[in-house]
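Visitor: A single structure is presented below for examination.
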Amino acid sequence: MSQKNETPILVLSILITAGLIAGGFWWFSKKSGVDLNAINSGSSKTPQAVSQQPSGNTLTSVQDVPTGLFNYGGSTSWAPIRLVVDPAIQAARSEFRLRYVEPSNASPGSGTGIQSLIDGQLAFAQSSRPILDQELSRAQQRGFTLKQIPVAIDGLAIAVNPNLKIPGITIDQLKSIYTGKINNWSQVGGPNIPIKPYSRRITDGGTVELFVQDILGGEAFSPNVEFISTTTQALQKLAGSSGGIYYASAPEVVPQCSIKPLALGRTQGQYIAPYQETFVLPSECPGKRNKLNIEAFQSGKYPITRNLFVVVKQNNQTEQQAGVAYANLLLTEQGQELISQAGFVKIR
């Protein structure tokens, strides 16, 4: 046979062989669970490499969920999520047992949860504010890093007495109220009633830390601010105080019958309510309840929004796998729906 006739046959043979090799390699990678993209990108072999975009829609579809009992703790703003989500996780993933732990010598909150995580007392933590630089530094001193995985959208809502006649206030006016520059509702278009601001202490959690940092700009609370222990206690005080004001996680405020959530604005007169219009009057509650203004939270139109995070210890141990698995469970379609049922806004 001439060389001219042999050339096409040789080229065809090479192409067929290359195709068989590529097909075999593809089949092997699928069967063995090898992630070619992860190999090519040089990603870590630690549990951190577990995908944070769940492969399925349900809690049962999440892979790499460890077996055992895992302690976690942190933000009090997460409490409604824990009540709804954790029982569903336990029912779907009996091998992944969860136990919420409060600190023995401090109030529960984002900061104490992250500190307990750094100290080795928790497998992962829940936070209503981003990780602080000093927390990252403390973790690095212990030989590992921290990672925050956003799983839900929340916001701060301002609560006042339901009888207070005022359309809303600006963020600057809110700051002036809590720093003592404004002390009567008549100064912001309301009735001639002294303002009585309430707050939890800055050591009590991420909500107060976020408020001081983002709203007060690091300034100190006015001496007129009365510190209380819980949101429940504050809402009870508002019901009996015509001039009272308080801030908390929106799902803890908006559905309440005894108070009124106040509309907020970045500029005078441009107010956005944290609830869906039309406002449900206290006299109609609890038969009807106000619901979160989801569109305003997702779009950022509402002035004070934030993410809720699962904080993961990146130490190449089971704790890291547990934290990533918990976040992935919440990021499934079923997990996001449960977060919505708990009164928060889906992040996906």
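Labels for the structure tokens follow display order: chains A, B, ..., residues from 1 in each chain, ligands from 1.
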So that I can see what lies close to range 93-105 of chain A, please list as a PyMOL selection string the residues with an atom at most 9 Å from it, counting only C-alpha atoms and leaving out residues fewer than 5 positions away in the same chain.
Guide: chain A and resi 59-60+65-74+82+86+88+112-113+116+122+322
Visitor: Counting only C-alpha atoms, what is within 6 Å of Leu292 in chain A, bar same-chain residues fewer than 4 positions away, as a count of residues only?
Guide: 3
Visitor: Please report, as an MDAnalysis selection string, each residue of range 56-133 of chain A to which DSSP assigns alpha helix (DSSP H) when run on this structure's backbone.
Guide: chainID A and resid 79:92 110:118 133
Visitor: Restricting the calculation to only C-alpha atoms: of A:Leu174, A:Ile153, A:Ala234, A:Leu262, which residue gets closest to Gly217 in chain A?
Guide: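 With only C-alpha atoms as the atom set, the closest residue is A:Leu174.
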Visitor: Measure the distance from CA of Pro255 in chain A to CA of Pro286 in chain A in Å and round it to one decimal.
Guide: 8.7 Å
Visitor: I need the strand (DSSP E or B) residues of range 281-311 of chain A per DSSP on the backbone, written as number ranges by chain.
Guide: A: 292, 305-311
Visitor: Compare A:Ile169, A:Val311, A:Leu331, A:Ala159 by their minimum atom-to-atom distance to Phe124 in chain A, counting only C-alpha atoms, and give me the closest one.
Guide: A:Val311
Visitor: Name the residues in contact with Thr170 in chain A at a cut-off of 6 Å, using only C-alpha atoms, excluding same-chain residues fewer than 5 positions from it; report them as a ChimeraX atom specification.
Guide: /A:264-267
Visitor: When you look at range 203-215 of chain A with a cut-off of 9 Å (counting only C-alpha atoms), what residues show up, excluding the ones that are within fewer than 4 positions of it in the same chain? I need them as number ranges by chain.
Guide: A: 74-77, 106-112, 127-130, 156, 171-172, 174-175, 199, 219-221, 229, 247-249, 304
Visitor: Generate a file of the selected residues that holds C-alpha atoms, formatted as a tab-separated table (two decimals), in the first residue's frame.
Guide:
```tsv
chain	number	residue	atom	x	y	z
A	74	GLY	CA	-23.86	31.76	68.79
A	75	SER	CA	-26.32	34.42	67.69
A	76	THR	CA	-29.63	34.86	69.51
A	77	SER	CA	-31.04	36.28	66.25
A	106	ALA	CA	-21.44	35.00	79.37
A	107	SER	CA	-24.59	35.87	77.45
A	108	PRO	CA	-25.19	33.94	74.23
A	109	GLY	CA	-24.49	35.87	71.06
A	110	SER	CA	-22.42	36.02	67.89
A	111	GLY	CA	-19.25	37.12	69.67
A	112	THR	CA	-19.38	34.55	72.45
A	127	SER	CA	-23.35	34.73	63.62
A	128	SER	CA	-25.50	37.72	62.75
A	129	ARG	CA	-22.49	39.85	61.79
A	130	PRO	CA	-19.22	39.32	59.89
A	156	LEU	CA	-32.72	45.36	61.92
A	171	ILE	CA	-30.79	56.55	59.83
A	172	ASP	CA	-29.12	59.78	60.99
A	174	LEU	CA	-31.87	57.02	64.70
A	175	LYS	CA	-28.18	57.59	65.45
A	199	SER	CA	-30.93	48.37	73.91
A	219	GLU	CA	-19.95	56.40	69.10
A	220	ALA	CA	-21.05	55.54	72.64
A	221	PHE	CA	-24.65	55.08	73.73
A	229	SER	CA	-31.39	41.60	78.88
A	247	TYR	CA	-34.07	47.72	67.68
A	248	ALA	CA	-33.73	43.99	67.03
A	249	SER	CA	-33.67	41.39	64.28
A	304	ILE	CA	-30.43	48.15	57.50
```
Visitor: When you draw a straight line from CA of Ile259 in chain A to CA of Ser241 in chain A, how long is it in Å?
Guide: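 Atom-to-atom, CA of Ile259 in chain A and CA of Ser241 in chain A are spaced 10.3 Å apart.
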Visitor: Quote the spacing between CA of Ala123 in chain A and CA of Val345 in chain A in Å to one decimal place.
Guide: 25.3 Å
Visitor: Can you list, as a compact mmCIF listing (two decimals) with C-alpha atoms, in the first residue's frame, every protein, DNA or RNA residue that comes within 10 Å of Lys165 in chain A when you count only C-alpha atoms, leaving out same-chain residues fewer than 5 positions away?
Guide:
```
# COMPACT_ATOMS: atom_id res chain seq x y z
CA VAL A 160 -41.97 51.79 68.96
CA TRP A 185 -40.26 62.78 69.32
CA GLY A 189 -41.96 65.12 63.35
CA GLY A 190 -43.77 63.27 66.12
CA PRO A 191 -45.71 64.29 69.24
```
Visitor: Could you give me, as a list in words, the residues within 10 Å of Gln256 in chain A, counting only C-alpha atoms and dropping anything in the same chain fewer than 4 positions from it?
Guide: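 With the cut-off at 10 Å, the set is Ala159, Leu235, Pro251, Glu252, Lys260, Pro261, Pro282, Cys285, Pro286, Arg289, Asn290 and Lys291 of chain A.
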Visitor: Nearest to Phe279 in chain A: which of A:Pro303, A:Gly120, A:Pro150, A:Pro162 is it, counting only C-alpha atoms?
Guide: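 With only C-alpha atoms as the atom set, the closest residue is A:Pro162.
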Visitor: When distances are computed from only C-alpha atoms, which of A:Asn161, A:Val151, A:Pro194, A:Ala79 shows the smallest separation from Leu330 in chain A?
Guide: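 Result for the nearest residue to Leu330 in chain A: A:Val151.
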